[in-house]
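Text of coords_22.txt, listed as compact mmCIF, C-alpha atoms:
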```txt
# COMPACT_ATOMS: atom_id res chain seq x y z
CA MET A 1 17.63 53.39 -2.20
CA MET A 2 17.69 51.70 1.22
CA LYS A 3 13.94 50.95 1.05
CA SER A 4 14.31 49.18 -2.30
CA LYS A 5 17.16 46.99 -0.96
CA ILE A 6 15.02 46.04 2.06
CA GLY A 7 12.09 45.28 -0.29
CA ILE A 8 14.28 43.11 -2.51
CA GLY A 9 15.70 41.33 0.54
CA LEU A 10 12.23 40.63 1.95
CA GLY A 11 11.05 39.44 -1.47
CA ILE A 12 13.95 36.97 -1.69
CA ILE A 13 13.26 35.69 1.84
CA ILE A 14 9.57 35.20 1.05
CA LEU A 15 10.42 33.37 -2.17
CA LEU A 16 12.86 31.09 -0.33
CA LEU A 17 10.25 30.35 2.33
CA ILE A 18 7.65 29.45 -0.29
CA ALA A 19 10.12 27.24 -2.16
CA GLY A 20 11.17 25.58 1.10
CA PHE A 21 7.58 24.82 2.15
CA TYR A 22 6.85 23.41 -1.29
CA TRP A 23 9.97 21.19 -1.27
CA PHE A 24 9.49 19.94 2.29
CA GLY A 25 5.78 19.33 1.75
CA ASN A 26 6.50 17.09 -1.22
CA ASN A 27 9.63 15.34 0.01
CA LEU A 28 9.32 14.68 3.73
CA ALA A 29 8.24 11.26 4.88
CA GLY A 30 4.70 11.07 6.08
CA GLY A 31 2.22 8.47 7.15
CA GLY A 32 0.62 5.83 5.04
CA GLY A 33 -2.65 3.96 4.85
CA SER A 34 -4.02 0.70 3.55
CA SER A 35 -7.24 -1.00 2.44
CA GLN A 36 -7.73 -4.70 1.79
CA TYR A 37 -10.16 -6.58 -0.40
CA ALA A 38 -10.56 -10.36 0.03
CA PRO A 39 -13.30 -12.80 -0.93
CA ASP A 40 -15.48 -14.44 1.71
CA THR A 41 -15.16 -17.83 0.02
CA VAL A 42 -13.14 -19.55 -2.68
CA LYS A 43 -14.00 -22.79 -4.48
CA THR A 44 -11.51 -25.62 -4.58
CA GLY A 45 -9.62 -25.56 -7.87
CA GLN A 46 -9.86 -21.75 -8.10
CA PRO A 47 -7.33 -19.16 -6.92
CA ALA A 48 -8.17 -16.58 -4.24
CA GLU A 49 -7.26 -13.00 -5.07
CA ILE A 50 -6.46 -10.46 -2.37
CA LYS A 51 -5.92 -6.79 -3.21
CA LEU A 52 -4.07 -4.30 -1.07
CA ASP A 53 -4.26 -0.56 -1.70
CA LEU A 54 -1.46 1.45 -0.09
CA SER A 55 -1.27 5.22 0.15
CA VAL A 56 0.92 8.00 1.52
CA THR A 57 -0.15 11.27 3.08
CA SER A 58 2.70 13.42 1.75
CA GLY A 59 5.05 13.31 -1.20
CA THR A 60 4.77 10.67 -3.88
CA ILE A 61 4.54 6.94 -3.21
CA SER A 62 7.00 5.65 -5.81
CA GLY A 63 9.71 3.57 -4.13
CA ARG A 64 8.54 4.28 -0.57
CA TYR A 65 6.87 0.90 0.06
CA ASN A 66 9.01 -2.18 -0.33
CA ARG A 67 9.28 -5.77 0.88
CA VAL A 68 5.49 -6.13 0.49
CA SER A 69 4.60 -9.81 0.99
CA LEU A 70 1.51 -11.83 1.80
CA TYR A 71 1.78 -14.92 4.01
CA TYR A 72 -1.02 -17.48 4.02
CA LYS A 73 -1.91 -20.96 5.24
CA LEU A 74 -4.87 -23.18 6.01
CA VAL A 75 -6.02 -22.70 9.59
CA GLY A 76 -4.30 -25.39 11.62
CA ASP A 77 -1.31 -25.82 9.27
CA ALA A 78 2.10 -25.10 10.78
CA ASP A 79 3.87 -23.39 7.88
CA ASN A 80 3.01 -20.18 6.04
CA LYS A 81 3.61 -19.77 2.33
CA SER A 82 4.55 -16.37 0.92
CA ILE A 83 3.74 -14.32 -2.16
CA THR A 84 5.59 -11.14 -3.16
CA ASN A 85 4.27 -8.86 -5.91
CA ASN A 86 5.33 -5.61 -7.53
CA PRO A 87 3.12 -2.55 -7.14
CA VAL A 88 0.79 -1.25 -9.81
CA PRO A 89 0.14 2.51 -9.55
CA LYS A 90 -3.55 3.38 -9.26
CA ILE A 91 -4.80 5.63 -12.03
CA PHE A 92 -7.45 8.21 -11.20
CA SER A 93 -9.40 10.41 -13.59
CA GLY A 94 -11.40 13.59 -13.43
CA ASP A 95 -11.42 15.41 -10.13
CA GLN A 96 -9.51 12.58 -8.46
CA SER A 97 -6.40 13.19 -10.59
CA LYS A 98 -4.83 15.09 -7.68
CA PHE A 99 -4.30 11.68 -6.03
CA ASN A 100 -2.01 10.36 -8.78
CA GLY A 101 1.33 9.30 -7.37
CA LYS A 102 -0.04 8.71 -3.86
CA TYR A 103 -1.56 5.22 -4.25
CA GLU A 104 -0.37 1.75 -5.27
CA THR A 105 -2.30 -1.50 -5.57
CA TYR A 106 -0.80 -4.90 -4.86
CA THR A 107 -2.61 -8.04 -5.99
CA PHE A 108 -1.80 -11.39 -4.42
CA THR A 109 -3.11 -14.61 -5.94
CA ILE A 110 -3.24 -17.61 -3.62
CA PRO A 111 -2.95 -20.75 -5.75
CA PRO A 112 -5.97 -23.06 -5.91
CA TYR A 113 -6.40 -25.74 -3.28
CA PRO A 114 -7.23 -29.22 -4.64
CA LYS A 115 -10.73 -30.69 -4.64
CA GLY A 116 -11.62 -32.15 -1.28
CA THR A 117 -9.77 -29.44 0.70
CA LYS A 118 -11.80 -28.12 3.62
CA GLY A 119 -11.17 -25.26 6.01
CA GLU A 120 -10.27 -21.61 5.92
CA ILE A 121 -7.31 -19.63 4.65
CA GLU A 122 -5.78 -17.12 7.03
CA TYR A 123 -3.27 -14.50 5.94
CA TYR A 124 -1.28 -11.45 6.92
CA ILE A 125 0.82 -8.90 5.04
CA THR A 126 4.26 -7.48 5.84
CA LEU A 127 5.73 -4.32 4.32
CA ALA A 128 8.12 -1.47 4.89
CA LEU A 129 7.23 2.21 4.42
CA ASP A 130 10.26 4.48 4.33
CA GLY A 131 12.26 1.65 5.92
CA HIS A 132 9.82 1.08 8.81
CA THR A 133 8.53 -2.51 8.86
CA SER A 134 4.86 -3.25 9.60
CA LYS A 135 2.59 -6.28 9.79
CA ILE A 136 -1.05 -6.03 8.74
CA ASP A 137 -3.43 -8.81 9.77
CA GLY A 138 -5.81 -10.13 7.14
CA ILE A 139 -9.28 -8.62 7.32
CA LYS A 140 -10.96 -12.05 7.33
CA ARG A 141 -10.48 -15.75 6.87
CA ILE A 142 -11.40 -17.07 3.45
CA LYS A 143 -13.62 -20.16 3.60
CA ILE A 144 -12.82 -22.93 1.12
CA ILE A 145 -15.88 -24.55 -0.41
CA ASP A 146 -15.86 -27.74 -2.47
```

Could you rewrite the structure in this file as structure tokens?
Amino acid sequence: MMKSKIGIGLGIIILLLIAGFYWFGNNLAGGGGSSQYAPDTVKTGQPAEIKLDLSVTSGTISGRYNRVSLYYKLVGDADNKSITNNPVPKIFSGDQSKFNGKYETYTFTIPPYPKGTKGEIEYYITLALDGHTSKIDGIKRIKIID
């Protein structure tokens, strides 16, 4: 009788440990990552599109990134302009489906510069992951061609 009570007690403890590891593994804050995609050049009269992929290492991404904004200007200009966009969850298929819920893509469209504009566009991105603010420098300057 005593052995069965000990066995039941150990079984309950093991179950609680497994449930706890599962819950903490999916709900604790973890690190994040990013990738940027920007064109080398943009023609006057055409918008420049910059994509930002954000990820998390643990838990799901939904609602963890916020205040994601892109700031841009022509090199030499004094004032930055800003663009804020909502995230679009990345959809994976096949063997990559395990990554669902861990990635978001943000697309920023810099409005076209008028004909005759010369120079380069520089940019940076600000965001907060789990309340911690970060600044990410742009991966390159975008040359404007006429």

Separation of CA of Ser58 (chain A) from CA of Tyr106 (chain A), in Å and rounded to one decimal: 19.8 Å

So that each row is one residue of region 51-132 of chain A with an atom at most 9 Å from region 32-39 of chain A, can you give its shortest atom pair and the distance in Å to one decimal, using only C-alpha atoms, rows by chain and rising number, as a tab-separated table?
```
residue	atom	partner	partner_atom	distance
A:Lys51	CA	A:Tyr37	CA	5.1
A:Leu52	CA	A:Gln36	CA	4.7
A:Asp53	CA	A:Ser35	CA	5.1
A:Leu54	CA	A:Ser34	CA	4.5
A:Ser55	CA	A:Gly33	CA	5.1
A:Val56	CA	A:Gly32	CA	4.1
A:Thr57	CA	A:Gly32	CA	5.8
A:Ser58	CA	A:Gly32	CA	8.5
A:Leu129	CA	A:Gly32	CA	7.6
```

Which polymer residues have any atom within 10 Å of an atom of Asn80 (chain A), counting all atoms listed in the file, with same-chain residues fewer than 4 positions away left out, as a list in words?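 My list of contacting residues is Leu70, Tyr71, Tyr72, Lys73, Leu74, Glu122, Tyr123 and Tyr124 of chain A.
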
Could you jot down the CA of Ser69 (chain A) to CA of Phe108 (chain A) separation for me, Å, one decimal place? 8.5 Å

Find the distance between CA of Leu127 (chain A) and CA of Asn86 (chain A) and write it in Å to one decimal.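 According to the coordinates, CA of Leu127 (chain A) and CA of Asn86 (chain A) are separated by 11.9 Å.
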
Counting all atoms listed in the file, which residue out of A:Ile50, A:Ala78, A:Val88, A:Ile61 sits closest to Thr109 (chain A)? A:Ile50

May I ask which of the residues A:Gly116, A:Gly31, A:Gly45, A:Ala128 is the closest one to Gly59 (chain A), counting all atoms listed in the file?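 For Gly59 (chain A), the nearest of the candidates is A:Gly31.
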
Proximity to Gly63 (chain A) - best of A:Lys135, A:Lys115, A:Lys43, A:Lys102, all atoms listed in the file: A:Lys102

List the neighbours of Asp146 (chain A) out to 12 Å using all atoms listed in the file; skip same-chain residues closer than 5 positions along the sequence, and give me the result as a list in words. Thr41, Val42, Lys43, Thr44, Gly45, Gln46, Pro112, Tyr113, Pro114, Lys115, Gly116, Thr117, Lys118, Gly119 and Glu120 of chain A
